[in-house]
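S.K.: Before I ask anything, let me first share the structure, which is written out below as structure tokens.
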Number of protein chains: 2
Amino acid sequence: MADVKSGPNPLFLREEDLRQGIELLFYAYRDFTAEPDAMLAKIGLGRAHHRVVYFVGRYPGINVTELLGILQITKQSLARVLGDLVAQEYIAQRAGTKDRRQRLLTLTEKGQELERTLSDAQRARIAQAYRAAGAAAVEGFRTVMLGIIDAEDRAKFQPPGPGKR
Amino acid sequence: MADVKSGPNPLFLREEDLRQGIELLFYAYRDFTAEPDAMLAKIGLGRAHHRVVYFVGRYPGINVTELLGILQITKQSLARVLGDLVAQEYIAQRAGTKDRRQRLLTLTEKGQELERTLSDAQRARIAQAYRAAGAAAVEGFRTVMLGIIDAEDRAKFQPPGPGKR
DNA sequence: ATTTTACGTCAGCCATGTTGACTTATTTCT
DNA sequence: AGAAATAAGTCAACATGGCTGACGTAAAAT
């Protein structure tokens with residue numbers, strides 16, 4: 001590969017490159033959350049509710065311990081928002097069949113609708129960015145993002161390969 | 001192109017691809033902020049203080065209105081954390097010379113040290129991810145992240161080109 | 001039978017966002 | 001010169017969403 005001057009050389013990382021990376025994350029996250037936050041405010045819910053609804057939608061039948069592991073918050077913090085969501089019938093709970101201590105969480109119809117409404121803005125944003133960037137850029141994006149994420153959670157993003165789960 | 005099952009095709013965006021994008025942002029931001037948050041807690045400060053210190057370090061002499069524009073929070077929210085930082089001498093204020101109503105903000109020595117300590121963990125995380133991913137992936141990462149960010153703020157990331165600022 | 005686990009709950013605290021109203025100093029506009 | 005707009009600060013009150021600590025109950029595992 002020739003010495004292309006516009007091409008970045010991340011193996012020769014400058015302070016400025018790293019600052020830019022930090023800022024990309026700050027601005028992207030800020031804008032990424034702004035739309036659903038505004039919708040949530042109208043129905044008296046917050047970002048924490050969105051996260052719960054999102055992950056319950058993603059992993060139907062997830063139990064409380066698993067959800068806590070994803071969100072990395074305390075049981076008490078989760079209890080508050082989960083309580084709201086169950087009371088307002090966005091989320092249904094049922095006892096585990098194998099382990100009856102567990103509360104398996106699923107979205108109700110109403111919850112699915114909420115999840116879709118909230119995340120649609122985010123999906124649209126991602127879709128637009130992906131389309132504008134092209135397939136190769138998307139692959140690079142994924143690779144870098146995975147590198148930023150703690151190793152323990154990278155497995156979640158592996159395609160269903162040799163692993164049994 | 002053949003029907004390669006592992007190859008992504010972002011022009012043919014599947015629900016799953018978009019979900020993955022949402023999750024990459026969630027996990028990356030979660031892990032990206034965890035280390036500085038833990039350091040901040042030890043000295044009685046929070047993430048909001050970090051953001052202020054970061055951007056004052058990035059734009060020395062920035063005024064309050066500009067900082068509010070970046071953070072997208074209210075003046076009152078900023079006042080609290082900025083007040084702490086000035087009181088504890090992480091940040092110095094001086095009146096603008098051209099417009100004496102402005103308070104221009106700069107980091108003190110102590111503030112610079114704090115900024116460096118806090119952001120070093122983040123810089124290291126970015127650097128490691130960039131190095132592991134390679135130059136092409138980094139370029140793709142930048143492109144996609146810019147696509148996610150609201151158009152108004154994309155200009156901040158343009159290299160000092162034709163524009164006068 | 002004991003211990004551990006999964007979950008829930010009460011009580012209180014802190015950080016960080018919000019709105020609304022108002023003041024002061026300075027600059028800009030007419 | 002006088003009026004209006006702007007930059008910044010401030011007071012008060014409130015909501016959200018984290019946190020710790022302590023304790024309870026049911027079910028599973030040892």
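Starting from 1 in every chain, residues are counted up; chains themselves are A, B, ... following the order of the structure tokens, and ligands are numbered from 1 as listed.
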To test your reading of the structure, identify every residue in region 91-134 of chain B that backbone DSSP assigns to alpha helix (DSSP H), and report it as an mmCIF file with N, CA, C and O atoms, in the first residue's frame.
M.R.:
```cif
data_model
loop_
_atom_site.group_PDB
_atom_site.id
_atom_site.type_symbol
_atom_site.label_atom_id
_atom_site.label_comp_id
_atom_site.auth_asym_id
_atom_site.auth_seq_id
_atom_site.Cartn_x
_atom_site.Cartn_y
_atom_site.Cartn_z
ATOM 1 N N GLU B 109 -3.379 24.008 36.002
ATOM 2 C CA GLU B 109 -2.438 22.875 36.008
ATOM 3 C C GLU B 109 -3.119 21.646 36.597
ATOM 4 O O GLU B 109 -3.050 20.556 36.061
ATOM 5 N N LYS B 110 -3.762 21.895 37.718
ATOM 6 C CA LYS B 110 -4.475 20.812 38.404
ATOM 7 C C LYS B 110 -5.548 20.206 37.504
ATOM 8 O O LYS B 110 -5.737 18.988 37.474
ATOM 9 N N GLY B 111 -6.219 21.071 36.765
ATOM 10 C CA GLY B 111 -7.259 20.612 35.858
ATOM 11 C C GLY B 111 -6.704 19.788 34.711
ATOM 12 O O GLY B 111 -7.284 18.785 34.300
ATOM 13 N N GLN B 112 -5.569 20.218 34.215
ATOM 14 C CA GLN B 112 -4.932 19.471 33.127
ATOM 15 C C GLN B 112 -4.537 18.075 33.590
ATOM 16 O O GLN B 112 -4.672 17.098 32.864
ATOM 17 N N GLU B 113 -4.051 18.044 34.813
ATOM 18 C CA GLU B 113 -3.639 16.751 35.357
ATOM 19 C C GLU B 113 -4.845 15.828 35.506
ATOM 20 O O GLU B 113 -4.793 14.652 35.154
ATOM 21 N N LEU B 114 -5.936 16.405 36.002
ATOM 22 C CA LEU B 114 -7.160 15.605 36.147
ATOM 23 C C LEU B 114 -7.646 15.114 34.794
ATOM 24 O O LEU B 114 -7.961 13.935 34.617
ATOM 25 N N GLU B 115 -7.682 16.006 33.852
ATOM 26 C CA GLU B 115 -8.165 15.635 32.518
ATOM 27 C C GLU B 115 -7.342 14.482 31.966
ATOM 28 O O GLU B 115 -7.879 13.524 31.432
ATOM 29 N N ARG B 116 -6.066 14.615 32.108
ATOM 30 C CA ARG B 116 -5.182 13.579 31.568
ATOM 31 C C ARG B 116 -5.415 12.237 32.244
ATOM 32 O O ARG B 116 -5.544 11.211 31.595
ATOM 33 N N THR B 117 -5.490 12.285 33.557
ATOM 34 C CA THR B 117 -5.703 11.038 34.300
ATOM 35 C C THR B 117 -6.998 10.351 33.874
ATOM 36 O O THR B 117 -7.036 9.148 33.627
ATOM 37 N N LEU B 118 -8.047 11.155 33.787
ATOM 38 C CA LEU B 118 -9.350 10.583 33.453
ATOM 39 C C LEU B 118 -9.403 10.048 32.032
ATOM 40 O O LEU B 118 -9.890 8.950 31.776
ATOM 41 N N SER B 119 -8.914 10.856 31.120
ATOM 42 C CA SER B 119 -9.077 10.473 29.725
ATOM 43 C C SER B 119 -8.044 9.452 29.265
ATOM 44 O O SER B 119 -8.218 8.836 28.222
ATOM 45 N N ASP B 120 -7.003 9.269 30.057
ATOM 46 C CA ASP B 120 -5.987 8.303 29.655
ATOM 47 C C ASP B 120 -6.563 6.899 29.490
ATOM 48 O O ASP B 120 -6.211 6.183 28.554
ATOM 49 N N ALA B 121 -7.452 6.548 30.392
ATOM 50 C CA ALA B 121 -8.056 5.223 30.285
ATOM 51 C C ALA B 121 -8.827 5.118 28.975
ATOM 52 O O ALA B 121 -8.792 4.090 28.291
ATOM 53 N N GLN B 122 -9.502 6.205 28.626
ATOM 54 C CA GLN B 122 -10.281 6.185 27.389
ATOM 55 C C GLN B 122 -9.376 6.199 26.164
ATOM 56 O O GLN B 122 -9.618 5.485 25.194
ATOM 57 N N ARG B 123 -8.334 6.999 26.236
ATOM 58 C CA ARG B 123 -7.392 7.029 25.116
ATOM 59 C C ARG B 123 -6.768 5.658 24.901
ATOM 60 O O ARG B 123 -6.605 5.198 23.773
ATOM 61 N N ALA B 124 -6.422 5.009 26.009
ATOM 62 C CA ALA B 124 -5.792 3.690 25.908
ATOM 63 C C ALA B 124 -6.759 2.692 25.273
ATOM 64 O O ALA B 124 -6.369 1.862 24.456
ATOM 65 N N ARG B 125 -8.019 2.814 25.645
ATOM 66 C CA ARG B 125 -9.021 1.901 25.101
ATOM 67 C C ARG B 125 -9.180 2.113 23.602
ATOM 68 O O ARG B 125 -9.233 1.160 22.821
ATOM 69 N N ILE B 126 -9.248 3.365 23.204
ATOM 70 C CA ILE B 126 -9.363 3.680 21.782
ATOM 71 C C ILE B 126 -8.108 3.217 21.035
ATOM 72 O O ILE B 126 -8.201 2.597 19.966
ATOM 73 N N ALA B 127 -6.958 3.523 21.607
ATOM 74 C CA ALA B 127 -5.700 3.184 20.936
ATOM 75 C C ALA B 127 -5.596 1.684 20.700
ATOM 76 O O ALA B 127 -5.236 1.229 19.612
ATOM 77 N N GLN B 128 -5.977 0.939 21.708
ATOM 78 C CA GLN B 128 -5.897 -0.518 21.600
ATOM 79 C C GLN B 128 -6.876 -1.015 20.541
ATOM 80 O O GLN B 128 -6.533 -1.860 19.716
ATOM 81 N N ALA B 129 -8.068 -0.462 20.542
ATOM 82 C CA ALA B 129 -9.068 -0.881 19.559
ATOM 83 C C ALA B 129 -8.623 -0.516 18.143
ATOM 84 O O ALA B 129 -8.784 -1.300 17.206
ATOM 85 N N TYR B 130 -8.070 0.676 17.999
ATOM 86 C CA TYR B 130 -7.605 1.126 16.685
ATOM 87 C C TYR B 130 -6.465 0.244 16.190
ATOM 88 O O TYR B 130 -6.436 -0.161 15.033
ATOM 89 N N ARG B 131 -5.529 -0.028 17.071
ATOM 90 C CA ARG B 131 -4.374 -0.834 16.660
ATOM 91 C C ARG B 131 -4.795 -2.232 16.264
ATOM 92 O O ARG B 131 -4.340 -2.785 15.273
ATOM 93 N N ALA B 132 -5.713 -2.782 17.071
ATOM 94 C CA ALA B 132 -6.159 -4.151 16.774
ATOM 95 C C ALA B 132 -6.952 -4.203 15.471
ATOM 96 O O ALA B 132 -6.914 -5.199 14.756
ATOM 97 N N ALA B 133 -7.655 -3.116 15.161
ATOM 98 C CA ALA B 133 -8.546 -3.132 14.004
ATOM 99 C C ALA B 133 -7.837 -2.803 12.688
ATOM 100 O O ALA B 133 -8.209 -3.313 11.635
#
```
S.K.: What residues in chain A have any atom no more than 8 Å from chain B when counting only C-alpha atoms, and can you write them as number ranges by chain?
M.R.: A: 7-11, 13, 18-22, 24-25, 27-29, 31-32, 122-123, 125-150, 153, 157, 159
S.K.: Enumerate, in order of chain and increasing residue number, the residues of chain C with an atom no farther than 9 Å from chain B, each with its shortest atom pair and distance in Å to one decimal, counting only C-alpha atoms (C1' of nucleotides), as JSON lines.
M.R.:
```
{"residue": "C:DA15", "atom": "C1'", "partner": "B:Gly46", "partner_atom": "CA", "distance": 6.9}
{"residue": "C:DT16", "atom": "C1'", "partner": "B:Ser77", "partner_atom": "CA", "distance": 7.2}
{"residue": "C:DG17", "atom": "C1'", "partner": "B:Ser77", "partner_atom": "CA", "distance": 6.8}
{"residue": "C:DT18", "atom": "C1'", "partner": "B:Thr74", "partner_atom": "CA", "distance": 8.1}
{"residue": "C:DA25", "atom": "C1'", "partner": "B:Arg101", "partner_atom": "CA", "distance": 6.6}
{"residue": "C:DT26", "atom": "C1'", "partner": "B:Arg101", "partner_atom": "CA", "distance": 5.7}
{"residue": "C:DT27", "atom": "C1'", "partner": "B:Asp99", "partner_atom": "CA", "distance": 7.6}
```
S.K.: Go ahead and write the selection's residues with N, CA, C and O atoms (P, O5', C5', C4', C3', O3' and C1' of nucleotides) as a PDB file, in the first residue's frame.
M.R.:
```
ATOM      1  P    DA C  15     -22.788  13.584  45.154  1.00  0.00           P
ATOM      2  O5'  DA C  15     -23.202  13.363  43.634  1.00  0.00           O
ATOM      3  C5'  DA C  15     -22.973  12.091  43.036  1.00  0.00           C
ATOM      4  C4'  DA C  15     -23.489  12.124  41.625  1.00  0.00           C
ATOM      5  C3'  DA C  15     -23.187  13.412  40.863  1.00  0.00           C
ATOM      6  O3'  DA C  15     -22.826  13.012  39.560  1.00  0.00           O
ATOM      7  C1'  DA C  15     -25.531  13.066  40.954  1.00  0.00           C
ATOM      8  P    DT C  16     -22.424  14.088  38.487  1.00  0.00           P
ATOM      9  O5'  DT C  16     -23.808  14.374  37.781  1.00  0.00           O
ATOM     10  C5'  DT C  16     -24.408  13.336  37.020  1.00  0.00           C
ATOM     11  C4'  DT C  16     -25.703  13.853  36.481  1.00  0.00           C
ATOM     12  C3'  DT C  16     -25.579  15.228  35.817  1.00  0.00           C
ATOM     13  O3'  DT C  16     -26.207  15.154  34.561  1.00  0.00           O
ATOM     14  C1'  DT C  16     -27.400  15.151  37.251  1.00  0.00           C
ATOM     15  P    DG C  17     -25.776  16.079  33.343  1.00  0.00           P
ATOM     16  O5'  DG C  17     -27.140  16.802  32.926  1.00  0.00           O
ATOM     17  C5'  DG C  17     -28.055  16.192  32.102  1.00  0.00           C
ATOM     18  C4'  DG C  17     -29.476  16.235  32.624  1.00  0.00           C
ATOM     19  C3'  DG C  17     -30.267  17.542  32.489  1.00  0.00           C
ATOM     20  O3'  DG C  17     -30.660  17.787  31.171  1.00  0.00           O
ATOM     21  C1'  DG C  17     -30.841  16.399  34.475  1.00  0.00           C
ATOM     22  P    DT C  18     -31.095  19.240  30.750  1.00  0.00           P
ATOM     23  O5'  DT C  18     -32.532  19.423  31.460  1.00  0.00           O
ATOM     24  C5'  DT C  18     -33.607  18.545  31.134  1.00  0.00           C
ATOM     25  C4'  DT C  18     -34.800  18.903  31.979  1.00  0.00           C
ATOM     26  C3'  DT C  18     -35.206  20.367  31.924  1.00  0.00           C
ATOM     27  O3'  DT C  18     -36.034  20.587  30.807  1.00  0.00           O
ATOM     28  C1'  DT C  18     -35.245  19.591  34.173  1.00  0.00           C
ATOM     29  P    DA C  25     -23.828  45.018  38.113  1.00  0.00           P
ATOM     30  O5'  DA C  25     -23.137  44.659  36.719  1.00  0.00           O
ATOM     31  C5'  DA C  25     -22.307  43.499  36.632  1.00  0.00           C
ATOM     32  C4'  DA C  25     -21.958  43.290  35.179  1.00  0.00           C
ATOM     33  C3'  DA C  25     -21.427  44.543  34.478  1.00  0.00           C
ATOM     34  O3'  DA C  25     -20.213  44.169  33.854  1.00  0.00           O
ATOM     35  C1'  DA C  25     -23.202  43.578  33.235  1.00  0.00           C
ATOM     36  P    DT C  26     -19.306  45.258  33.150  1.00  0.00           P
ATOM     37  O5'  DT C  26     -19.761  45.068  31.633  1.00  0.00           O
ATOM     38  C5'  DT C  26     -19.648  43.775  31.043  1.00  0.00           C
ATOM     39  C4'  DT C  26     -20.333  43.791  29.699  1.00  0.00           C
ATOM     40  C3'  DT C  26     -19.903  44.914  28.759  1.00  0.00           C
ATOM     41  O3'  DT C  26     -19.197  44.292  27.700  1.00  0.00           O
ATOM     42  C1'  DT C  26     -22.242  44.521  28.694  1.00  0.00           C
ATOM     43  P    DT C  27     -18.498  45.076  26.580  1.00  0.00           P
ATOM     44  O5'  DT C  27     -19.553  44.837  25.395  1.00  0.00           O
ATOM     45  C5'  DT C  27     -19.980  43.499  25.107  1.00  0.00           C
ATOM     46  C4'  DT C  27     -21.136  43.531  24.134  1.00  0.00           C
ATOM     47  C3'  DT C  27     -20.901  44.394  22.885  1.00  0.00           C
ATOM     48  O3'  DT C  27     -21.234  43.593  21.772  1.00  0.00           O
ATOM     49  C1'  DT C  27     -22.980  44.911  23.875  1.00  0.00           C
TER      50       DT C  27
END
```
S.K.: Report as a ChimeraX atom specification the set of chain D residues whose atoms approach chain B to within 10 Å, with distances computed over only C-alpha atoms (C1' of nucleotides).
M.R.: /D:6-10
S.K.: Just the number, please: distance in Å from CA of Ile62 (chain A) to CA of His49 (chain A), one decimal.
M.R.: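 Interatomic distance here is 15.6 Å.
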S.K.: Once DSSP has gone over the backbone, tell me which residues of region 22-101 of chain B are in strand (DSSP E or B), as a PyMOL selection string.
M.R.: chain B and resi 62-63+91-95
S.K.: Please compute the CA of Gly96 (chain A)-CA of Thr108 (chain A) distance, one decimal, in Å.
M.R.: 17.1 Å
